[in-house]
$ cat data_28.txt   # compact mmCIF, C-alpha atoms
# COMPACT_ATOMS: atom_id res chain seq x y z
CA MET A 12 159.51 117.95 -10.03
CA ASN A 13 158.85 120.16 -7.05
CA ARG A 14 155.12 120.37 -6.29
CA GLN A 15 155.43 123.51 -4.26
CA ARG A 16 157.21 125.24 -7.09
CA ILE A 17 154.55 124.18 -9.57
CA TYR A 18 151.89 125.47 -7.19
CA ARG A 19 153.63 128.80 -6.67
CA GLN A 20 154.12 129.24 -10.42
CA TRP A 21 150.49 128.38 -11.03
CA LEU A 22 149.33 130.95 -8.46
CA GLN A 23 151.62 133.50 -10.05
CA ARG A 24 150.04 132.85 -13.43
CA ARG A 25 146.54 133.16 -12.04
CA ARG A 26 147.48 136.42 -10.32
CA ALA A 27 148.85 137.70 -13.61
CA GLU A 28 145.62 136.93 -15.47
CA ALA A 29 145.67 139.28 -18.45
CA VAL A 30 143.58 142.39 -17.91
CA SER A 31 141.82 144.43 -20.50
CA GLU A 32 143.18 147.92 -20.93
CA LYS A 33 139.92 148.99 -22.49
CA LEU A 34 137.87 148.55 -19.33
CA THR A 35 137.89 152.23 -18.32
CA GLU A 36 136.94 153.29 -21.84
CA ALA A 37 134.12 150.74 -22.00
CA VAL A 38 132.75 151.71 -18.57
CA MET A 39 132.85 155.44 -19.26
CA ALA A 40 131.05 154.92 -22.58
CA ARG A 41 128.20 153.16 -20.74
CA LEU A 42 127.73 155.64 -17.87
CA ASP A 43 124.58 157.15 -19.36
CA THR A 44 122.96 153.83 -20.14
CA PRO A 45 120.54 152.30 -17.64
CA LEU A 46 121.97 149.82 -15.19
CA PRO A 47 121.44 146.21 -16.31
CA THR A 48 119.06 144.28 -14.09
CA MET A 49 121.21 143.17 -11.21
CA GLU A 50 121.15 142.98 -7.47
CA VAL A 51 123.27 145.62 -5.81
CA PRO A 52 123.95 144.67 -2.22
CA PRO A 53 124.17 147.49 0.32
CA GLN A 54 127.59 148.68 1.37
CA PRO A 55 128.78 146.23 4.02
CA ARG A 56 129.83 147.17 7.52
CA ALA A 57 132.89 145.65 9.09
CA PRO A 58 131.62 142.37 10.59
CA ALA A 59 131.18 141.96 14.30
CA PRO A 60 134.16 140.21 15.81
CA ASP A 61 133.82 136.50 16.46
CA ALA A 62 132.01 135.91 19.70
CA TRP A 63 134.06 132.96 20.91
CA PRO A 64 137.25 134.77 22.08
CA GLU A 65 135.12 137.08 24.18
CA GLY A 66 133.11 134.16 25.53
CA LEU A 67 136.31 132.29 26.29
CA ALA A 68 137.70 135.29 28.14
CA ARG A 69 134.50 135.55 30.19
CA LEU A 70 134.69 131.83 30.99
CA ALA A 71 138.35 132.15 32.01
CA ALA A 72 137.51 135.11 34.23
CA ALA A 73 134.63 133.19 35.81
CA LEU A 74 136.84 130.14 36.38
CA GLY A 75 139.48 132.43 37.86
CA LEU A 76 136.93 133.85 40.30
CA VAL A 77 135.80 130.35 41.23
CA GLY A 78 139.45 129.38 41.73
CA VAL A 79 140.12 132.39 43.94
CA GLY A 80 136.91 131.68 45.90
CA LEU A 81 137.88 128.07 46.50
CA PHE A 82 141.38 129.09 47.55
CA ARG A 83 140.02 131.65 50.00
CA LEU A 84 137.56 129.14 51.40
CA ALA A 85 140.35 126.60 51.87
CA PHE A 86 142.56 129.24 53.48
CA VAL A 87 139.84 130.42 55.88
CA SER A 88 138.86 126.83 56.73
CA PHE A 89 142.46 125.94 57.39
CA ASN A 90 142.86 128.94 59.72
CA LEU A 91 139.64 128.20 61.55
CA LEU A 92 140.43 124.54 61.96
CA ALA A 93 144.08 125.04 62.86
CA PRO A 94 144.79 124.68 66.57
CA MET B 9 150.75 166.62 -3.61
CA PRO B 10 149.55 163.06 -2.83
CA PRO B 11 147.05 161.49 -5.23
CA PRO B 12 143.41 161.71 -4.08
CA THR B 13 142.17 158.81 -1.98
CA ASP B 14 139.39 156.49 -3.12
CA ASN B 15 137.00 158.16 -0.72
CA GLU B 16 137.83 161.60 -2.08
CA LEU B 17 137.31 160.37 -5.64
CA ILE B 18 133.98 158.66 -4.99
CA LEU B 19 132.72 161.71 -3.09
CA LEU B 20 133.81 163.91 -5.97
CA ALA B 21 132.07 161.55 -8.40
CA ARG B 22 128.74 162.14 -6.65
CA ASN B 23 128.24 165.11 -8.93
CA ASP B 24 127.56 164.27 -12.52
CA THR B 25 129.94 166.92 -13.81
CA PRO B 26 133.06 166.60 -15.96
CA ASP B 27 135.14 166.65 -12.76
CA GLY B 28 132.92 164.00 -11.19
CA ARG B 29 133.21 161.81 -14.25
CA SER B 30 136.93 162.18 -14.41
CA ALA B 31 137.17 161.23 -10.71
CA PHE B 32 135.11 158.14 -11.48
CA ALA B 33 137.33 157.29 -14.47
CA GLU B 34 140.31 157.49 -12.11
CA LEU B 35 138.64 154.98 -9.78
CA VAL B 36 137.97 152.58 -12.66
CA GLN B 37 141.56 152.97 -13.81
CA ARG B 38 142.83 152.34 -10.30
CA HIS B 39 140.70 149.32 -9.39
CA GLY B 40 139.80 147.89 -12.81
CA PRO B 41 142.73 145.51 -13.20
CA ALA B 42 142.32 143.95 -9.74
CA LEU B 43 138.57 143.66 -10.16
CA LEU B 44 138.85 142.05 -13.57
CA ARG B 45 141.47 139.62 -12.28
CA TYR B 46 139.19 138.68 -9.40
CA LEU B 47 136.22 138.09 -11.69
CA ALA B 48 138.33 136.23 -14.24
CA ASN B 49 139.32 133.81 -11.48
CA LEU B 50 135.66 133.18 -10.64
CA LEU B 51 133.99 133.28 -14.05
CA PRO B 52 134.72 132.44 -17.68
CA ARG B 53 136.69 135.24 -19.30
CA ASP B 54 133.90 136.54 -21.55
CA LEU B 55 131.54 136.84 -18.59
CA ALA B 56 134.22 138.40 -16.39
CA GLU B 57 134.75 141.37 -18.70
CA ASP B 58 131.02 142.13 -18.87
CA ALA B 59 130.62 141.62 -15.15
CA ALA B 60 133.48 144.05 -14.41
CA GLN B 61 131.78 146.74 -16.50
CA GLU B 62 128.44 146.10 -14.82
CA VAL B 63 129.97 146.30 -11.35
CA PHE B 64 131.43 149.73 -12.12
CA LEU B 65 128.11 150.83 -13.60
CA ALA B 66 126.38 149.71 -10.41
CA ILE B 67 128.86 151.77 -8.42
CA TRP B 68 128.17 154.78 -10.64
CA HIS B 69 124.39 154.45 -10.30
CA HIS B 70 124.60 153.97 -6.53
CA ARG B 71 127.55 156.23 -5.82
CA LYS B 72 125.53 158.53 -3.59
CA ARG B 73 124.89 155.61 -1.23
CA PHE B 74 128.59 155.25 -0.42
CA ASP B 75 129.31 156.07 3.21
CA PRO B 76 133.02 156.37 4.07
CA GLU B 77 132.18 155.78 7.75
CA ARG B 78 130.83 152.35 6.93
CA GLY B 79 133.87 150.91 5.20
CA SER B 80 136.34 151.24 2.37
CA PHE B 81 135.56 151.74 -1.29
CA THR B 82 137.50 148.56 -2.16
CA THR B 83 135.40 146.29 0.04
CA TRP B 84 132.21 147.83 -1.34
CA LEU B 85 133.44 147.29 -4.91
CA PHE B 86 134.36 143.67 -4.25
CA THR B 87 131.12 142.99 -2.39
CA ILE B 88 129.15 144.02 -5.47
CA ALA B 89 131.51 142.02 -7.67
CA ARG B 90 131.20 138.92 -5.49
CA ASN B 91 127.43 139.16 -5.63
CA ARG B 92 127.41 139.60 -9.39
CA ALA B 93 129.82 136.70 -9.90
CA PHE B 94 127.72 134.45 -7.68
CA ASN B 95 124.53 135.24 -9.60
CA LEU B 96 126.18 134.70 -12.97
CA HIS B 97 127.81 131.49 -11.75
CA ARG B 98 124.46 130.19 -10.52
CA ARG B 99 122.75 130.94 -13.81
CA ARG B 100 125.41 129.47 -16.02
CA ASP B 101 125.92 125.80 -16.76
CA HIS B 102 129.53 126.02 -15.54
CA PRO B 103 131.41 125.67 -18.82
CA GLN B 104 135.16 125.26 -18.77
CA ARG B 105 137.06 128.51 -18.52
CA GLU B 106 138.61 129.77 -21.68
CA SER B 107 142.26 129.20 -21.16
CA ALA B 108 143.89 132.61 -21.39
CA LEU B 109 146.83 130.91 -19.71
CA GLU B 110 147.53 128.73 -22.73
CA THR B 111 149.10 131.65 -24.50
CA MET B 112 151.46 132.48 -21.66
CA PRO B 113 155.06 131.33 -21.94
CA ALA B 114 155.76 128.07 -20.14
CA ALA B 115 158.35 128.00 -17.42
CA ALA B 116 160.21 124.85 -18.43
CA PRO B 117 162.53 124.62 -21.42
CA ASP B 118 162.48 120.96 -22.48
CA PRO B 119 159.35 119.78 -24.32
CA GLU B 120 158.53 116.80 -22.09
CA ARG B 121 158.78 118.84 -18.92
CA LYS B 122 156.96 121.72 -20.55
CA LEU B 123 154.05 119.42 -21.29
CA ALA B 124 154.06 118.02 -17.75
CA VAL B 125 154.03 121.53 -16.27
CA LYS B 126 151.24 122.58 -18.61
CA GLU B 127 149.19 119.56 -17.55
CA ALA B 128 149.85 120.35 -13.91
CA TYR B 129 148.62 123.93 -14.37
CA ALA B 130 145.53 122.68 -16.17
CA ALA B 131 144.84 120.21 -13.35
CA LEU B 132 145.15 123.01 -10.79
CA ASP B 133 142.83 125.18 -12.90
CA ARG B 134 140.28 122.37 -12.84
CA ALA B 135 140.75 121.92 -9.11
CA LEU B 136 140.02 125.62 -8.61
CA GLU B 137 136.93 125.37 -10.80
CA MET B 138 135.70 122.40 -8.83
CA LEU B 139 135.80 124.22 -5.50
CA PRO B 140 132.32 125.22 -4.29
CA PHE B 141 131.70 128.88 -5.10
CA ASP B 142 131.88 130.05 -1.46
CA GLN B 143 135.28 128.41 -0.93
CA ARG B 144 136.58 129.54 -4.29
CA ALA B 145 135.61 133.16 -3.67
CA VAL B 146 137.48 133.18 -0.36
CA PHE B 147 140.48 131.35 -1.85
CA VAL B 148 140.76 133.81 -4.77
CA LEU B 149 140.54 136.86 -2.49
CA ALA B 150 143.18 135.48 -0.13
CA GLU B 151 145.62 133.83 -2.52
CA MET B 152 145.28 135.90 -5.65
CA GLN B 153 144.08 139.30 -4.52
CA GLY B 154 146.07 139.49 -1.30
CA PHE B 155 143.07 140.53 0.85
CA THR B 156 143.36 140.27 4.63
CA MET B 157 140.99 138.02 6.58
CA ASP B 158 139.13 141.09 7.85
CA GLU B 159 138.65 142.45 4.33
CA ILE B 160 137.41 139.07 3.08
CA ALA B 161 135.01 138.91 6.00
CA VAL B 162 133.51 142.25 4.92
CA VAL B 163 133.24 141.27 1.25
CA GLU B 164 131.72 137.89 2.08
CA SER B 165 129.58 139.23 4.96
CA LEU B 166 130.91 136.49 7.22
CA PRO B 167 132.61 136.33 10.60
CA VAL B 168 136.40 136.09 10.33
CA GLY B 169 136.32 132.59 11.85
CA THR B 170 134.09 131.31 9.04
CA VAL B 171 136.35 132.90 6.43
CA LYS B 172 139.32 131.12 7.97
CA SER B 173 137.59 127.75 8.01
CA ARG B 174 136.41 128.14 4.39
CA LEU B 175 139.90 129.09 3.32
CA ALA B 176 141.38 126.14 5.20
CA ARG B 177 138.94 123.77 3.46
CA ALA B 178 139.76 125.24 0.06
CA ARG B 179 143.49 125.00 0.71
CA ARG B 180 143.14 121.38 1.84
CA LYS B 181 141.36 120.49 -1.39
CA MET B 182 143.94 122.29 -3.51
CA LYS B 183 146.72 120.59 -1.59
CA ALA B 184 145.15 117.15 -2.09
CA ARG B 185 144.99 117.86 -5.80
CA LEU B 186 148.58 119.03 -5.80
CA ILE B 187 149.70 115.79 -4.15
CA LYS B 188 147.96 113.78 -6.86
CA ILE B 189 149.57 115.92 -9.55
CA GLY B 190 152.96 115.45 -7.92
CA ASP B 191 152.48 111.69 -7.89
CA LEU B 192 151.65 111.74 -11.58
CA LEU B 193 154.62 113.95 -12.38
CA ASP B 194 156.94 111.67 -10.42
CA GLU B 195 155.78 108.55 -12.27
$ encode --input "data_28.txt" --output "structure tokens"
Amino acid sequence: MNRQRIYRQWLQRRRAEAVSEKLTEAVMARLDTPLPTMEVPPQPRAPAPDAWPEGLARLAAALGLVGVGLFRLAFVSFNLLAP
Amino acid sequence: MPPPTDNELILLARNDTPDGRSAFAELVQRHGPALLRYLANLLPRDLAEDAAQEVFLAIWHHRKRFDPERGSFTTWLFTIARNRAFNLHRRRDHPQRESALETMPAAAPDPERKLAVKEAYAALDRALEMLPFDQRAVFVLAEMQGFTMDEIAVVESLPVGTVKSRLARARRKMKARLIKIGDLLDE
């Protein structure tokens, strides 16, 4: 018995969970009734992007600058010390 | 002429007129099945139907708050639904889901295999129910609703990285369960 197949079939069945065709009718019939007590969260904004890729990029840039600095120092030192 | 967008419909529904109501009915018609499926994967069936109605009522009562600049109608709808499902889940003593799946035709023809497959589905259902709510909500949105990571991040109010790690944890648990089921089926 193929596990993956079982899993895919199971997902398919969950995705096809039977839906009520009367939902629209039921909602429209209740529009004039007061809202049941429930928390209604505010409309969300798109989340801020993860900070780590930006931090990583900054670190890489800083390391790059350090690398270039060291290279230049070595180059200048070599030229100064060379006969 | 292309059908009106969700934003156009919800803006039209701001006015409590016959046109506004019919725009709102169109939104319910359009998003009802997906919303109900989402809730039915998080809650027992009887609660899911009520919750779906309440979520649409909440949208109706707060429709003037919708700001198209802030995000899509779908993510707003699912954010309210997620919140409602979480509160109902917390209040309830987590009974077993009613198995609407029992009535669906089984995939395998011979009775022994049919039984094994049915047991495997039931075990996966239980595994899904046993996931902590935060992992389950992310898993359902990704695997059953086809939401992108960015959309899930909006609905869950989380950074994308956290969504990914929650989803990975949920998938690992489901996979572990699947391996056990496979071992039993192979015996």
$ residues_around --input "data_28.txt" --residues "Pro55 of chain A" --least-positions-apart "6" --cutoff "9 Å" --atoms "all atoms listed in the file" --output "list of chain:residue names"
B:Arg78, B:Gly79, B:Thr83, B:Trp84, B:Thr87, B:Val162, B:Val163, B:Ser165
$ atom_distance --input "data_28.txt" --atom1 "atom CA of Met39 of chain A" --atom2 "atom CA of Phe64 of chain B"
9.3 Å
$ closest_atom_pairs --input "data_28.txt" --of "chain B" --to "chain A" --cutoff "7 Å" --atoms "only C-alpha atoms" --output "tab-separated table"
residue	atom	partner	partner_atom	distance
B:Ala33	CA	A:Thr35	CA	6.4
B:Val36	CA	A:Thr35	CA	5.7
B:Gln37	CA	A:Thr35	CA	5.9
B:Gly40	CA	A:Leu34	CA	6.8
B:Pro41	CA	A:Val30	CA	5.7
B:Leu44	CA	A:Val30	CA	6.4
B:Arg45	CA	A:Glu28	CA	5.9
B:Gln61	CA	A:Val38	CA	5.5
B:Phe64	CA	A:Val38	CA	6.9
B:Leu65	CA	A:Leu46	CA	6.4
B:Ala66	CA	A:Leu46	CA	6.5
B:Phe74	CA	A:Gln54	CA	6.9
B:Arg78	CA	A:Arg56	CA	5.3
B:Gly79	CA	A:Arg56	CA	6.0
B:Trp84	CA	A:Gln54	CA	5.4
B:Ile88	CA	A:Val51	CA	6.1
B:Tyr129	CA	A:Trp21	CA	5.9
B:Met152	CA	A:Arg26	CA	5.2
B:Ala161	CA	A:Pro58	CA	6.7
B:Val162	CA	A:Ala57	CA	5.4
B:Ser165	CA	A:Pro58	CA	6.8
B:Leu166	CA	A:Pro58	CA	6.8
B:Pro167	CA	A:Asp61	CA	6.0
B:Val168	CA	A:Asp61	CA	6.7
B:Gly169	CA	A:Asp61	CA	6.5
B:Leu186	CA	A:Arg14	CA	6.7
B:Gly190	CA	A:Arg14	CA	5.6
B:Leu193	CA	A:Met12	CA	6.7
B:Asp194	CA	A:Met12	CA	6.8
$ residues_near_point --input "data_28.txt" --point "(135.6, 128.2, 8.5)" --cutoff "12 Å" --atoms "all atoms listed in the file" --output "VMD selection string"
(chain A and resid 61) or (chain B and resid 142 to 143 146 to 147 157 161 166 to 179)
$ closest_residue --input "data_28.txt" --among "B:Ala145, B:Val125, B:Leu136, B:Ala31" --to "Pro12 of chain B" --atoms "only C-alpha atoms"
B:Ala31
$ atom_distance --input "data_28.txt" --atom1 "atom CA of Arg19 of chain A" --atom2 "atom CA of Arg98 of chain B"
29.5 Å
$ atom_distance --input "data_28.txt" --atom1 "atom CA of Leu35 of chain B" --atom2 "atom CA of Ala150 of chain B"
22.2 Å
$ closest_residue --input "data_28.txt" --among "B:Glu127, B:Glu62, B:Asp118, B:Glu137" --to "Leu85 of chain B" --atoms "all atoms listed in the file"
B:Glu62
$ residues_around --input "data_28.txt" --residues "Gln153 of chain B" --least-positions-apart "2" --cutoff "8 Å" --atoms "all atoms listed in the file" --output "list in words"
Arg26 of chain A; Ala42, Tyr46, Val148, Leu149, Ala150, Glu151 and Phe155 of chain B
$ residues_around --input "data_28.txt" --residues "Arg29 of chain B" --least-positions-apart "6" --cutoff "10 Å" --atoms "all atoms listed in the file" --output "PyMOL selection string"
(chain A and resi 39+42) or (chain B and resi 17-18+20-23+35+68)
$ closest_residue --input "data_28.txt" --among "B:Glu16, B:Ala184, B:Lys72, B:Leu51" --to "Phe94 of chain B" --atoms "all atoms listed in the file"
B:Leu51
